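**Student:** For reference, this is input30.csv, and it has CSV, C-alpha atoms.
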```
chain,number,residue,atom,x,y,z
A,1141,MET,CA,-5.0,8.6,-31.3
A,1142,THR,CA,-2.5,11.0,-32.9
A,1143,LYS,CA,-5.3,13.5,-33.3
A,1144,PHE,CA,-4.8,14.4,-29.7
A,1145,HIS,CA,-1.4,16.0,-29.5
A,1146,GLY,CA,0.4,19.2,-28.8
A,1147,ILE,CA,-1.2,22.2,-27.1
A,1148,ILE,CA,-4.9,21.8,-26.2
A,1149,PRO,CA,-6.2,24.7,-24.0
A,1150,ALA,CA,-9.0,24.1,-21.6
A,1151,LEU,CA,-11.4,27.0,-22.4
A,1152,THR,CA,-12.7,29.2,-19.7
A,1153,THR,CA,-16.4,29.9,-19.5
A,1154,PRO,CA,-17.2,33.6,-19.5
A,1155,PHE,CA,-20.0,34.6,-17.1
A,1156,ASP,CA,-21.6,38.0,-16.7
A,1157,ALA,CA,-22.6,39.7,-13.5
A,1158,LYS,CA,-25.9,37.8,-13.4
A,1159,GLY,CA,-24.0,34.5,-13.7
A,1160,ASP,CA,-25.1,33.9,-17.3
A,1161,ILE,CA,-22.8,32.7,-20.0
A,1162,ASP,CA,-21.6,35.4,-22.4
A,1163,GLU,CA,-21.7,33.6,-25.7
A,1164,ALA,CA,-20.0,36.4,-27.7
A,1165,LYS,CA,-17.0,36.3,-25.3
A,1166,PHE,CA,-16.8,32.6,-25.5
A,1167,ARG,CA,-16.7,32.7,-29.3
A,1168,ASN,CA,-14.0,35.3,-29.2
A,1169,GLN,CA,-11.9,33.1,-26.9
A,1170,ILE,CA,-12.2,30.2,-29.3
A,1171,ARG,CA,-11.1,32.4,-32.2
A,1172,PHE,CA,-8.2,33.8,-30.1
A,1173,MET,CA,-7.0,30.3,-29.3
A,1174,LEU,CA,-7.2,29.1,-32.9
A,1175,GLY,CA,-5.3,32.2,-34.0
A,1176,LYS,CA,-2.4,31.1,-31.7
A,1177,GLY,CA,-2.1,27.8,-33.6
A,1178,VAL,CA,-3.3,25.4,-30.9
A,1179,HIS,CA,-3.8,21.7,-31.7
A,1180,GLY,CA,-7.2,21.2,-30.0
A,1181,LEU,CA,-9.7,22.7,-27.6
A,1182,CYS,CA,-11.6,21.5,-24.6
A,1183,PHE,CA,-14.8,23.0,-23.2
A,1184,GLY,CA,-16.5,22.2,-19.9
A,1185,GLY,CA,-13.3,21.2,-18.0
A,1186,SER,CA,-12.0,22.4,-14.7
A,1187,THR,CA,-10.7,25.7,-16.2
A,1188,GLY,CA,-14.1,26.1,-17.7
A,1189,GLU,CA,-15.8,25.7,-14.3
A,1190,GLY,CA,-17.4,22.5,-15.6
A,1191,GLN,CA,-18.5,21.5,-12.2
A,1192,ALA,CA,-20.8,24.6,-12.1
A,1193,LEU,CA,-22.4,24.1,-15.5
A,1194,GLU,CA,-26.1,23.3,-15.9
A,1195,LEU,CA,-27.0,20.7,-18.5
A,1196,GLY,CA,-28.3,23.2,-21.0
A,1197,GLU,CA,-25.2,25.4,-20.6
A,1198,PHE,CA,-23.0,22.4,-21.2
A,1199,ARG,CA,-24.9,21.6,-24.4
A,1200,ARG,CA,-24.7,25.2,-25.6
A,1201,LEU,CA,-21.0,25.5,-25.1
A,1202,GLY,CA,-20.6,22.3,-27.1
A,1203,GLU,CA,-22.7,23.7,-29.9
A,1204,ILE,CA,-20.7,27.0,-30.0
A,1205,THR,CA,-17.4,25.2,-29.9
A,1206,MET,CA,-18.2,22.9,-32.7
A,1207,GLU,CA,-19.5,25.8,-34.8
A,1208,GLU,CA,-16.5,27.9,-34.3
A,1209,VAL,CA,-13.9,25.2,-34.7
A,1210,ALA,CA,-15.6,23.8,-37.8
A,1211,GLY,CA,-13.3,20.7,-37.9
A,1212,ARG,CA,-10.0,22.6,-37.8
A,1213,VAL,CA,-8.8,21.0,-34.6
A,1214,PRO,CA,-10.1,18.2,-32.4
A,1215,VAL,CA,-12.7,19.1,-29.7
A,1216,VAL,CA,-12.9,17.5,-26.2
A,1217,ALA,CA,-15.9,17.9,-24.0
A,1218,GLY,CA,-15.2,17.9,-20.3
A,1219,ILE,CA,-17.5,16.0,-18.0
A,1220,ILE,CA,-17.2,16.5,-14.3
A,1221,ALA,CA,-19.9,14.5,-12.6
A,1222,ASN,CA,-20.5,12.5,-9.4
A,1223,SER,CA,-22.1,9.4,-10.7
A,1224,THR,CA,-21.9,7.1,-13.7
A,1225,ARG,CA,-25.5,7.9,-14.5
A,1226,GLU,CA,-24.8,11.6,-14.6
A,1227,VAL,CA,-21.8,11.2,-16.9
A,1228,ILE,CA,-23.9,9.1,-19.3
A,1229,LYS,CA,-26.7,11.8,-19.2
A,1230,ARG,CA,-24.2,14.5,-20.2
A,1231,GLY,CA,-22.5,12.3,-22.9
A,1232,GLU,CA,-25.9,11.5,-24.4
A,1233,LEU,CA,-26.9,15.1,-24.4
A,1234,ILE,CA,-24.1,16.1,-26.8
A,1235,ALA,CA,-23.9,12.8,-28.8
A,1236,ASP,CA,-25.1,14.4,-32.0
A,1237,LEU,CA,-22.4,17.1,-31.8
A,1238,LYS,CA,-19.8,14.5,-32.6
A,1239,VAL,CA,-17.0,15.8,-30.4
A,1240,ASP,CA,-13.8,14.0,-30.7
A,1241,ALA,CA,-13.6,12.8,-27.1
A,1242,LEU,CA,-15.1,13.2,-23.7
A,1243,GLN,CA,-12.7,14.1,-20.8
A,1244,VAL,CA,-14.2,12.3,-17.8
A,1245,THR,CA,-13.1,12.6,-14.2
A,1246,PRO,CA,-13.5,10.0,-11.5
A,1247,VAL,CA,-16.3,10.9,-9.1
A,1248,PHE,CA,-15.2,13.7,-6.8
A,1249,TYR,CA,-17.4,13.9,-3.7
A,1250,VAL,CA,-15.8,12.9,-0.4
A,1251,PHE,CA,-16.5,9.1,-0.7
A,1252,GLN,CA,-13.7,7.2,-2.5
A,1253,PRO,CA,-14.6,4.2,-4.7
A,1254,ASP,CA,-12.1,1.3,-4.7
A,1255,ASP,CA,-10.2,0.3,-7.8
A,1256,ASP,CA,-12.8,-2.1,-9.1
A,1257,SER,CA,-15.6,0.4,-8.6
A,1258,ASN,CA,-13.6,3.1,-10.5
A,1259,PHE,CA,-12.9,0.6,-13.2
A,1260,GLY,CA,-16.6,-0.3,-13.4
A,1261,HIS,CA,-17.5,3.4,-13.6
A,1262,PHE,CA,-15.4,3.9,-16.8
A,1263,LYS,CA,-16.4,0.4,-18.2
A,1264,THR,CA,-20.1,1.2,-17.9
A,1265,LEU,CA,-20.1,4.7,-19.3
A,1266,THR,CA,-17.9,3.9,-22.2
A,1267,GLU,CA,-19.9,0.8,-23.2
A,1268,VAL,CA,-23.1,2.9,-23.1
A,1269,LEU,CA,-21.8,6.1,-24.8
A,1270,LYS,CA,-19.4,4.4,-27.3
A,1271,THR,CA,-17.5,7.7,-27.6
A,1272,PRO,CA,-13.7,8.0,-27.2
A,1273,VAL,CA,-12.9,9.0,-23.6
A,1274,LEU,CA,-9.8,10.6,-22.1
A,1275,LEU,CA,-9.5,9.8,-18.4
A,1276,TYR,CA,-9.0,13.0,-16.4
A,1277,ASN,CA,-6.9,12.0,-13.4
A,1278,VAL,CA,-7.3,15.1,-11.2
A,1279,ILE,CA,-9.3,14.2,-8.0
A,1280,PRO,CA,-6.8,14.2,-5.1
A,1281,TRP,CA,-8.8,11.9,-2.8
A,1282,ASN,CA,-9.8,9.6,-5.7
A,1283,LEU,CA,-6.6,9.6,-7.6
A,1284,LEU,CA,-6.3,6.6,-10.0
A,1285,SER,CA,-3.1,4.7,-9.4
A,1286,THR,CA,-0.7,4.0,-12.3
A,1287,PRO,CA,-1.6,0.2,-12.2
A,1288,LEU,CA,-5.3,1.1,-12.3
A,1289,VAL,CA,-4.9,3.5,-15.2
A,1290,LEU,CA,-2.9,1.0,-17.1
A,1291,ARG,CA,-5.6,-1.6,-16.5
A,1292,ILE,CA,-8.2,0.8,-17.9
A,1293,LEU,CA,-6.1,1.7,-20.9
A,1294,ASN,CA,-5.4,-1.9,-21.7
A,1295,GLU,CA,-8.9,-3.3,-21.1
A,1296,LEU,CA,-11.4,-0.6,-22.2
A,1297,PRO,CA,-11.1,0.1,-25.9
A,1298,TRP,CA,-13.1,3.3,-25.8
A,1299,VAL,CA,-10.7,4.9,-23.4
A,1300,VAL,CA,-8.2,6.4,-25.8
A,1301,GLY,CA,-5.9,8.0,-23.3
A,1302,ILE,CA,-5.5,10.1,-20.2
A,1303,LYS,CA,-5.0,13.7,-19.1
A,1304,GLN,CA,-2.6,13.1,-16.1
A,1305,SER,CA,-3.0,16.0,-13.7
A,1306,GLN,CA,-2.7,15.4,-10.0
A,1307,GLY,CA,0.3,13.7,-8.4
A,1308,HIS,CA,4.0,13.9,-9.1
A,1309,ILE,CA,5.4,14.2,-12.6
A,1310,THR,CA,6.6,10.6,-12.0
A,1311,ARG,CA,3.0,9.4,-12.7
A,1312,THR,CA,3.1,11.0,-16.2
A,1313,ALA,CA,6.5,9.4,-16.8
A,1314,GLU,CA,5.3,6.0,-15.7
A,1315,LEU,CA,2.3,6.2,-18.1
A,1316,VAL,CA,4.4,7.3,-21.1
A,1317,ALA,CA,6.8,4.4,-20.4
A,1318,ASN,CA,4.2,1.7,-19.9
A,1319,ALA,CA,0.9,2.6,-21.6
A,1320,PRO,CA,-0.2,0.9,-24.9
A,1321,LYS,CA,1.4,2.7,-27.8
A,1322,ASP,CA,-1.9,3.5,-29.3
A,1323,LYS,CA,-3.1,5.4,-26.2
A,1324,VAL,CA,-2.4,9.1,-25.7
A,1325,ILE,CA,-0.8,10.6,-22.6
A,1326,LEU,CA,-1.5,14.3,-22.1
A,1327,ALA,CA,0.5,16.0,-19.3
A,1328,ALA,CA,-1.3,18.5,-17.1
A,1329,VAL,CA,1.8,19.2,-14.9
A,1330,ASP,CA,1.6,22.9,-15.9
A,1331,ASN,CA,5.0,24.1,-14.7
A,1332,LEU,CA,6.9,21.0,-16.1
A,1333,LEU,CA,5.5,20.7,-19.6
A,1334,TYR,CA,9.0,21.0,-21.0
A,1335,SER,CA,10.1,17.9,-19.1
A,1336,CYS,CA,6.9,16.0,-20.0
A,1337,PHE,CA,7.3,16.8,-23.7
A,1338,GLN,CA,11.0,15.7,-23.6
A,1339,PHE,CA,10.3,12.3,-22.1
A,1340,GLY,CA,7.5,11.6,-24.6
A,1341,ALA,CA,4.1,13.0,-23.5
A,1342,HIS,CA,2.0,13.5,-26.5
A,1343,GLY,CA,1.0,17.0,-25.5
A,1344,THR,CA,-0.9,18.8,-22.9
A,1345,LEU,CA,-4.5,19.7,-22.0
A,1346,ALA,CA,-4.3,22.1,-19.2
A,1347,ALA,CA,-4.8,25.6,-17.8
A,1348,SER,CA,-1.4,27.1,-18.5
A,1349,PRO,CA,-1.9,26.7,-22.3
A,1350,THR,CA,-5.2,28.6,-21.8
A,1351,ALA,CA,-3.5,31.4,-19.9
A,1352,ALA,CA,-0.6,31.7,-22.3
A,1353,PRO,CA,-1.4,29.7,-25.5
A,1354,GLY,CA,1.1,31.4,-27.7
A,1355,PRO,CA,4.2,30.7,-25.5
A,1356,CYS,CA,3.0,27.1,-25.0
A,1357,VAL,CA,2.7,26.5,-28.7
A,1358,ARG,CA,6.2,27.9,-29.1
A,1359,LEU,CA,7.4,25.6,-26.3
A,1360,TRP,CA,5.9,22.5,-28.1
A,1361,ASN,CA,7.4,23.5,-31.4
A,1362,ALA,CA,10.8,24.2,-29.9
A,1363,VAL,CA,10.8,20.7,-28.3
A,1364,LYS,CA,9.8,19.1,-31.6
A,1365,LYS,CA,12.6,21.0,-33.4
A,1366,LYS,CA,15.1,20.1,-30.6
A,1367,ASP,CA,15.6,23.8,-30.0
A,1368,ASP,CA,16.5,23.4,-26.3
A,1369,GLU,CA,17.6,27.0,-25.8
A,1370,THR,CA,14.2,28.4,-26.7
A,1371,ALA,CA,12.4,25.6,-24.9
A,1372,LEU,CA,14.3,26.1,-21.7
A,1373,ALA,CA,13.8,29.9,-21.8
A,1374,ILE,CA,10.1,29.4,-22.1
A,1375,HIS,CA,10.1,26.8,-19.4
A,1376,HIS,CA,11.8,29.1,-16.9
A,1377,ARG,CA,9.3,31.8,-17.5
A,1378,LEU,CA,6.4,29.4,-17.3
A,1379,VAL,CA,7.6,28.1,-14.0
A,1380,ASN,CA,7.7,31.7,-12.6
A,1381,PHE,CA,4.3,32.5,-14.0
A,1382,TRP,CA,2.6,29.3,-12.8
A,1383,SER,CA,4.0,29.7,-9.3
A,1384,VAL,CA,1.9,32.8,-8.6
A,1385,LEU,CA,-1.5,31.3,-9.7
A,1386,PRO,CA,-3.4,30.1,-6.6
A,1387,HIS,CA,-5.3,26.9,-7.2
A,1388,GLY,CA,-8.4,27.9,-5.3
A,1389,ASN,CA,-9.6,30.2,-8.0
A,1390,LEU,CA,-7.4,29.2,-10.9
A,1391,PRO,CA,-10.1,29.7,-13.6
A,1392,ALA,CA,-10.5,33.3,-12.5
A,1393,CYS,CA,-6.8,33.8,-12.6
A,1394,VAL,CA,-6.6,32.4,-16.1
A,1395,LYS,CA,-9.3,34.9,-17.1
A,1396,TYR,CA,-7.3,37.7,-15.7
A,1397,SER,CA,-4.2,36.5,-17.6
A,1398,LEU,CA,-6.2,36.6,-20.8
A,1399,HIS,CA,-7.6,40.0,-20.0
A,1400,LEU,CA,-4.0,41.3,-19.9
A,1401,GLN,CA,-3.7,40.0,-23.5
A,1402,GLY,CA,-6.7,41.9,-24.6
A,1403,LEU,CA,-9.2,39.1,-24.4
A,1404,ASP,CA,-12.3,39.7,-22.2
A,1405,CYS,CA,-13.4,36.4,-20.6
A,1406,GLY,CA,-15.9,37.8,-18.2
A,1407,ILE,CA,-16.0,36.8,-14.6
A,1408,SER,CA,-16.3,33.5,-12.7
A,1409,ARG,CA,-19.5,32.0,-11.4
A,1410,GLN,CA,-20.2,32.6,-7.7
A,1411,PRO,CA,-18.8,31.6,-5.3
A,1412,MET,CA,-15.5,31.6,-7.1
A,1413,PRO,CA,-13.8,35.0,-6.6
A,1414,MET,CA,-11.9,36.9,-9.1
A,1415,PRO,CA,-8.2,37.4,-8.2
A,1416,ASP,CA,-7.4,39.9,-5.5
A,1417,ALA,CA,-5.0,42.8,-5.9
A,1418,ALA,CA,-2.0,40.9,-4.7
A,1419,THR,CA,-2.6,38.0,-7.2
A,1420,ARG,CA,-3.3,40.4,-10.0
A,1421,ALA,CA,0.0,42.2,-9.3
A,1422,ALA,CA,1.9,38.9,-9.3
A,1423,ILE,CA,0.3,37.9,-12.6
A,1424,GLU,CA,1.2,41.3,-14.0
A,1425,ARG,CA,4.8,40.8,-12.8
A,1426,THR,CA,5.4,37.4,-14.3
A,1427,LEU,CA,3.2,37.1,-17.4
A,1428,PRO,CA,5.0,39.7,-19.6
A,1429,ALA,CA,8.3,37.8,-19.6
A,1430,LEU,CA,6.4,34.6,-20.7
A,1431,LEU,CA,4.6,36.6,-23.4
A,1432,GLU,CA,8.0,37.6,-24.9
A,1433,TYR,CA,7.7,34.1,-26.5
A,1434,ASP,CA,4.2,34.7,-27.8
A,1435,VAL,CA,3.5,33.5,-31.4
```
Take the structure in the file and write it out as structure tokens.
**Tutor:**
Amino acid sequence: MTKFHGIIPALTTPFDAKGDIDEAKFRNQIRFMLGKGVHGLCFGGSTGEGQALELGEFRRLGEITMEEVAGRVPVVAGIIANSTREVIKRGELIADLKVDALQVTPVFYVFQPDDDSNFGHFKTLTEVLKTPVLLYNVIPWNLLSTPLVLRILNELPWVVGIKQSQGHITRTAELVANAPKDKVILAAVDNLLYSCFQFGAHGTLAASPTAAPGPCVRLWNAVKKKDDETALAIHHRLVNFWSVLPHGNLPACVKYSLHLQGLDCGISRQPMPMPDAATRAAIERTLPALLEYDV
């Protein structure tokens, strides 16, 4: 699945004061990302507040993304849902759009399925949808273990790879070392992308490439060219920038980071707050150094 590689930003969803999607701002964001030379795009993920999207909104974001991208890069649709049935419903809703893959989380409410139930979740939904799926291993209390992920990757042909997010960087390293060679491992360890790229991750699908797509593209290119001096300089700046972004309203902080680059991404959907004055100041302090490596 070499089509999934390099820098794949997770698009934000611009909302207006009424909580409606601002389609013009969403289109502008896609064009901005493509202009930075990214290698793919994802809509409806965590950074896109996918957990808050209504069915019709999810469908519309997919339509716009496919129109704007027009085949230039792969498109991933994020599905964040609490039952196998709901994942299937969302997948069927956009089947005609022909996205390149679905990014699917394990269920995220407080109850934790056992390994066989999590395996069955992905087995059922992939057999029904028959669409390539990227596991999105992000739910802290339903974190798929490395052995379970390897079982899924080996036994379910429609699962083409994983976006490894939660957990120590060791999880990503274990998957790179042991996953089938035809499966893609995308790192979402935002402050350690340099390390992940060096030990063989195929790329990243994450929030930091959304907040600073240009520097992340340069980081990827530097690693591929074995330009360690440039890659390490970007890494240090990315570590400092990422350290000031609170997780609780990360999508809103990403929107503010893009605002500082001249891109209006609206506000977040209630109850997610926009960043407070202290967070804005921290972003303003750390982002400029990273943007010295913009493309």
**Student:** May I have the residues at most 12 Å from (-1.1, 29.5, -15.1) in the file's coordinates, counting only C-alpha atoms, as number ranges by chain?
**Tutor:** A: 1149-1150, 1187, 1328-1333, 1346-1353, 1355-1356, 1377-1387, 1389-1398, 1419, 1422-1423, 1426-1427, 1430
**Student:** Between A:Lys1229, A:Lys1165, A:Arg1200, A:Lys1143, which residue has the minimum interatomic distance to Leu1181 in chain A, considering only C-alpha atoms?
**Tutor:**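 For Leu1181 in chain A, the nearest of the given residues is A:Lys1143.
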**Student:** CA of Leu1293 in chain A and CA of Asp1240 in chain A are how many Å apart?
**Tutor:**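 Between CA of Leu1293 in chain A and CA of Asp1240 in chain A the gap works out to 17.5 Å.
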**Student:** Can you work out which one of A:Arg1167, A:His1261, A:His1399, A:Lys1158 has the shortest atom-to-atom distance to Ser1223 in chain A, counting all atoms listed in the file?
**Tutor:** A:His1261
**Student:** Given only C-alpha atoms as the basis, pick out the residue of A:Tyr1276, A:Phe1339, A:Trp1360, A:Phe1262 nearest to His1179 in chain A.
**Tutor:**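 The answer is A:Trp1360, which sits nearest to His1179 in chain A.
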**Student:** Calculated over all atoms listed in the file, which of the candidates A:Gln1243, A:Asn1361, A:Gln1191, A:Thr1153 has the smallest distance to Val1178 in chain A?
**Tutor:**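 Answer, going by the shortest atom-to-atom distance: A:Asn1361.
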**Student:** So how many Å separate CA of Ile1228 in chain A and CA of Thr1266 in chain A, to one decimal?
**Tutor:**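 Answer for the CA of Ile1228 in chain A to CA of Thr1266 in chain A separation: 8.5 Å.
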**Student:** Write out as a PyMOL selection string the residues lying within 8 Å of Gly1406 in chain A, counting all atoms listed in the file and excluding same-chain residues fewer than 2 positions away.
**Tutor:** chain A and resi 1154-1156+1162+1165+1395+1404+1408
**Student:** Considering all atoms listed in the file, can you say which of A:Pro1280, A:Gly1146, A:Gly1218, A:Gly1175 comes closest to Asp1434 in chain A?
**Tutor:**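 Distance minimum relative to Asp1434 in chain A lands on A:Gly1175.
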**Student:** What's the separation between CA of Thr1264 in chain A and CA of Thr1344 in chain A, in Å to one decimal place?
**Tutor:** 26.5 Å
**Student:** Need the shell around Ile1234 in chain A: protein/DNA/RNA residues with any atom at most 10 Å away, counting all atoms listed in the file. Skip same-chain ones fewer than 2 positions apart. Format as an mmCIF file with C-alpha atoms, keeping the file's coordinate frame?
**Tutor:**
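Once everything was written out, this is selection-v1.cif:
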```cif
data_model
loop_
_atom_site.group_PDB
_atom_site.id
_atom_site.type_symbol
_atom_site.label_atom_id
_atom_site.label_comp_id
_atom_site.auth_asym_id
_atom_site.auth_seq_id
_atom_site.Cartn_x
_atom_site.Cartn_y
_atom_site.Cartn_z
ATOM 1 C CA LEU A 1195 -27.000 20.700 -18.500
ATOM 2 C CA PHE A 1198 -23.000 22.400 -21.200
ATOM 3 C CA ARG A 1199 -24.900 21.600 -24.400
ATOM 4 C CA ARG A 1200 -24.700 25.200 -25.600
ATOM 5 C CA GLY A 1202 -20.600 22.300 -27.100
ATOM 6 C CA GLU A 1203 -22.700 23.700 -29.900
ATOM 7 C CA ALA A 1217 -15.900 17.900 -24.000
ATOM 8 C CA LYS A 1229 -26.700 11.800 -19.200
ATOM 9 C CA ARG A 1230 -24.200 14.500 -20.200
ATOM 10 C CA GLY A 1231 -22.500 12.300 -22.900
ATOM 11 C CA GLU A 1232 -25.900 11.500 -24.400
ATOM 12 C CA ASP A 1236 -25.100 14.400 -32.000
ATOM 13 C CA LEU A 1237 -22.400 17.100 -31.800
ATOM 14 C CA LYS A 1238 -19.800 14.500 -32.600
ATOM 15 C CA VAL A 1239 -17.000 15.800 -30.400
ATOM 16 C CA LEU A 1242 -15.100 13.200 -23.700
#
```
**Student:** Smallest atom-to-atom distance to Glu1207 in chain A: which of A:Asp1322, A:Phe1259, A:Ile1220, A:Arg1171, using all atoms listed in the file?
**Tutor:** A:Arg1171
**Student:** Missing atoms in range 1299-1328 of chain A: can you complete it with N, CA and C atoms, as an mmCIF file, in the frame of the given file?
**Tutor:**
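File out.cif, as written:
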```cif
data_model
loop_
_atom_site.group_PDB
_atom_site.id
_atom_site.type_symbol
_atom_site.label_atom_id
_atom_site.label_comp_id
_atom_site.auth_asym_id
_atom_site.auth_seq_id
_atom_site.Cartn_x
_atom_site.Cartn_y
_atom_site.Cartn_z
ATOM 1 N N VAL A 1299 -11.560 3.940 -24.060
ATOM 2 C CA VAL A 1299 -10.700 4.900 -23.400
ATOM 3 C C VAL A 1299 -9.407 5.009 -24.187
ATOM 4 N N VAL A 1300 -9.255 6.168 -24.806
ATOM 5 C CA VAL A 1300 -8.200 6.400 -25.800
ATOM 6 C C VAL A 1300 -6.948 7.011 -25.196
ATOM 7 N N GLY A 1301 -7.019 7.420 -23.929
ATOM 8 C CA GLY A 1301 -5.900 8.000 -23.300
ATOM 9 C C GLY A 1301 -6.211 8.687 -21.998
ATOM 10 N N ILE A 1302 -5.309 9.528 -21.523
ATOM 11 C CA ILE A 1302 -5.500 10.100 -20.200
ATOM 12 C C ILE A 1302 -4.881 11.535 -20.182
ATOM 13 N N LYS A 1303 -5.547 12.404 -19.460
ATOM 14 C CA LYS A 1303 -5.000 13.700 -19.100
ATOM 15 C C LYS A 1303 -4.504 13.485 -17.621
ATOM 16 N N GLN A 1304 -3.200 13.370 -17.423
ATOM 17 C CA GLN A 1304 -2.600 13.100 -16.100
ATOM 18 C C GLN A 1304 -2.349 14.452 -15.431
ATOM 19 N N SER A 1305 -3.076 14.734 -14.347
ATOM 20 C CA SER A 1305 -3.000 16.000 -13.700
ATOM 21 C C SER A 1305 -2.386 15.931 -12.314
ATOM 22 N N GLN A 1306 -3.165 15.470 -11.343
ATOM 23 C CA GLN A 1306 -2.700 15.400 -10.000
ATOM 24 C C GLN A 1306 -1.566 14.402 -9.781
ATOM 25 N N GLY A 1307 -0.789 14.638 -8.747
ATOM 26 C CA GLY A 1307 0.300 13.700 -8.400
ATOM 27 C C GLY A 1307 1.617 14.207 -9.024
ATOM 28 N N HIS A 1308 2.676 13.546 -8.664
ATOM 29 C CA HIS A 1308 4.000 13.900 -9.100
ATOM 30 C C HIS A 1308 4.199 13.664 -10.568
ATOM 31 N N ILE A 1309 5.143 14.361 -11.172
ATOM 32 C CA ILE A 1309 5.400 14.200 -12.600
ATOM 33 C C ILE A 1309 5.800 12.715 -12.891
ATOM 34 N N THR A 1310 6.233 11.992 -11.851
ATOM 35 C CA THR A 1310 6.600 10.600 -12.000
ATOM 36 C C THR A 1310 5.372 9.802 -12.591
ATOM 37 N N ARG A 1311 4.151 10.142 -12.202
ATOM 38 C CA ARG A 1311 3.000 9.400 -12.700
ATOM 39 C C ARG A 1311 2.894 9.568 -14.245
ATOM 40 N N THR A 1312 3.132 10.774 -14.744
ATOM 41 C CA THR A 1312 3.100 11.000 -16.200
ATOM 42 C C THR A 1312 4.211 10.150 -16.860
ATOM 43 N N ALA A 1313 5.403 10.165 -16.270
ATOM 44 C CA ALA A 1313 6.500 9.400 -16.800
ATOM 45 C C ALA A 1313 6.224 7.906 -16.861
ATOM 46 N N GLU A 1314 5.612 7.404 -15.787
ATOM 47 C CA GLU A 1314 5.300 6.000 -15.700
ATOM 48 C C GLU A 1314 4.286 5.606 -16.838
ATOM 49 N N LEU A 1315 3.326 6.480 -17.085
ATOM 50 C CA LEU A 1315 2.300 6.200 -18.100
ATOM 51 C C LEU A 1315 2.936 6.239 -19.502
ATOM 52 N N VAL A 1316 3.782 7.223 -19.762
ATOM 53 C CA VAL A 1316 4.400 7.300 -21.100
ATOM 54 C C VAL A 1316 5.267 6.030 -21.310
ATOM 55 N N ALA A 1317 5.916 5.549 -20.265
ATOM 56 C CA ALA A 1317 6.800 4.400 -20.400
ATOM 57 C C ALA A 1317 6.011 3.078 -20.590
ATOM 58 N N ASN A 1318 4.809 2.997 -20.018
ATOM 59 C CA ASN A 1318 4.200 1.700 -19.900
ATOM 60 C C ASN A 1318 2.786 1.571 -20.573
ATOM 61 N N ALA A 1319 2.200 2.666 -21.006
ATOM 62 C CA ALA A 1319 0.900 2.600 -21.600
ATOM 63 C C ALA A 1319 0.953 1.965 -23.003
ATOM 64 N N PRO A 1320 -0.137 1.370 -23.462
ATOM 65 C CA PRO A 1320 -0.200 0.900 -24.900
ATOM 66 C C PRO A 1320 0.190 1.994 -25.818
ATOM 67 N N LYS A 1321 0.910 1.667 -26.858
ATOM 68 C CA LYS A 1321 1.400 2.700 -27.800
ATOM 69 C C LYS A 1321 0.351 3.404 -28.551
ATOM 70 N N ASP A 1322 -0.849 2.833 -28.606
ATOM 71 C CA ASP A 1322 -1.900 3.500 -29.300
ATOM 72 C C ASP A 1322 -2.770 4.396 -28.419
ATOM 73 N N LYS A 1323 -2.347 4.570 -27.175
ATOM 74 C CA LYS A 1323 -3.100 5.400 -26.200
ATOM 75 C C LYS A 1323 -2.285 6.741 -26.070
ATOM 76 N N VAL A 1324 -3.013 7.830 -25.829
ATOM 77 C CA VAL A 1324 -2.400 9.100 -25.700
ATOM 78 C C VAL A 1324 -2.221 9.549 -24.280
ATOM 79 N N ILE A 1325 -1.066 10.103 -23.963
ATOM 80 C CA ILE A 1325 -0.800 10.600 -22.600
ATOM 81 C C ILE A 1325 -0.576 12.106 -22.710
ATOM 82 N N LEU A 1326 -1.533 12.832 -22.139
ATOM 83 C CA LEU A 1326 -1.500 14.300 -22.100
ATOM 84 C C LEU A 1326 -1.074 14.740 -20.718
ATOM 85 N N ALA A 1327 -0.057 15.569 -20.633
ATOM 86 C CA ALA A 1327 0.500 16.000 -19.300
ATOM 87 C C ALA A 1327 -0.249 17.286 -18.912
ATOM 88 N N ALA A 1328 -0.680 17.313 -17.671
ATOM 89 C CA ALA A 1328 -1.300 18.500 -17.100
ATOM 90 C C ALA A 1328 -0.459 18.923 -15.860
#
```
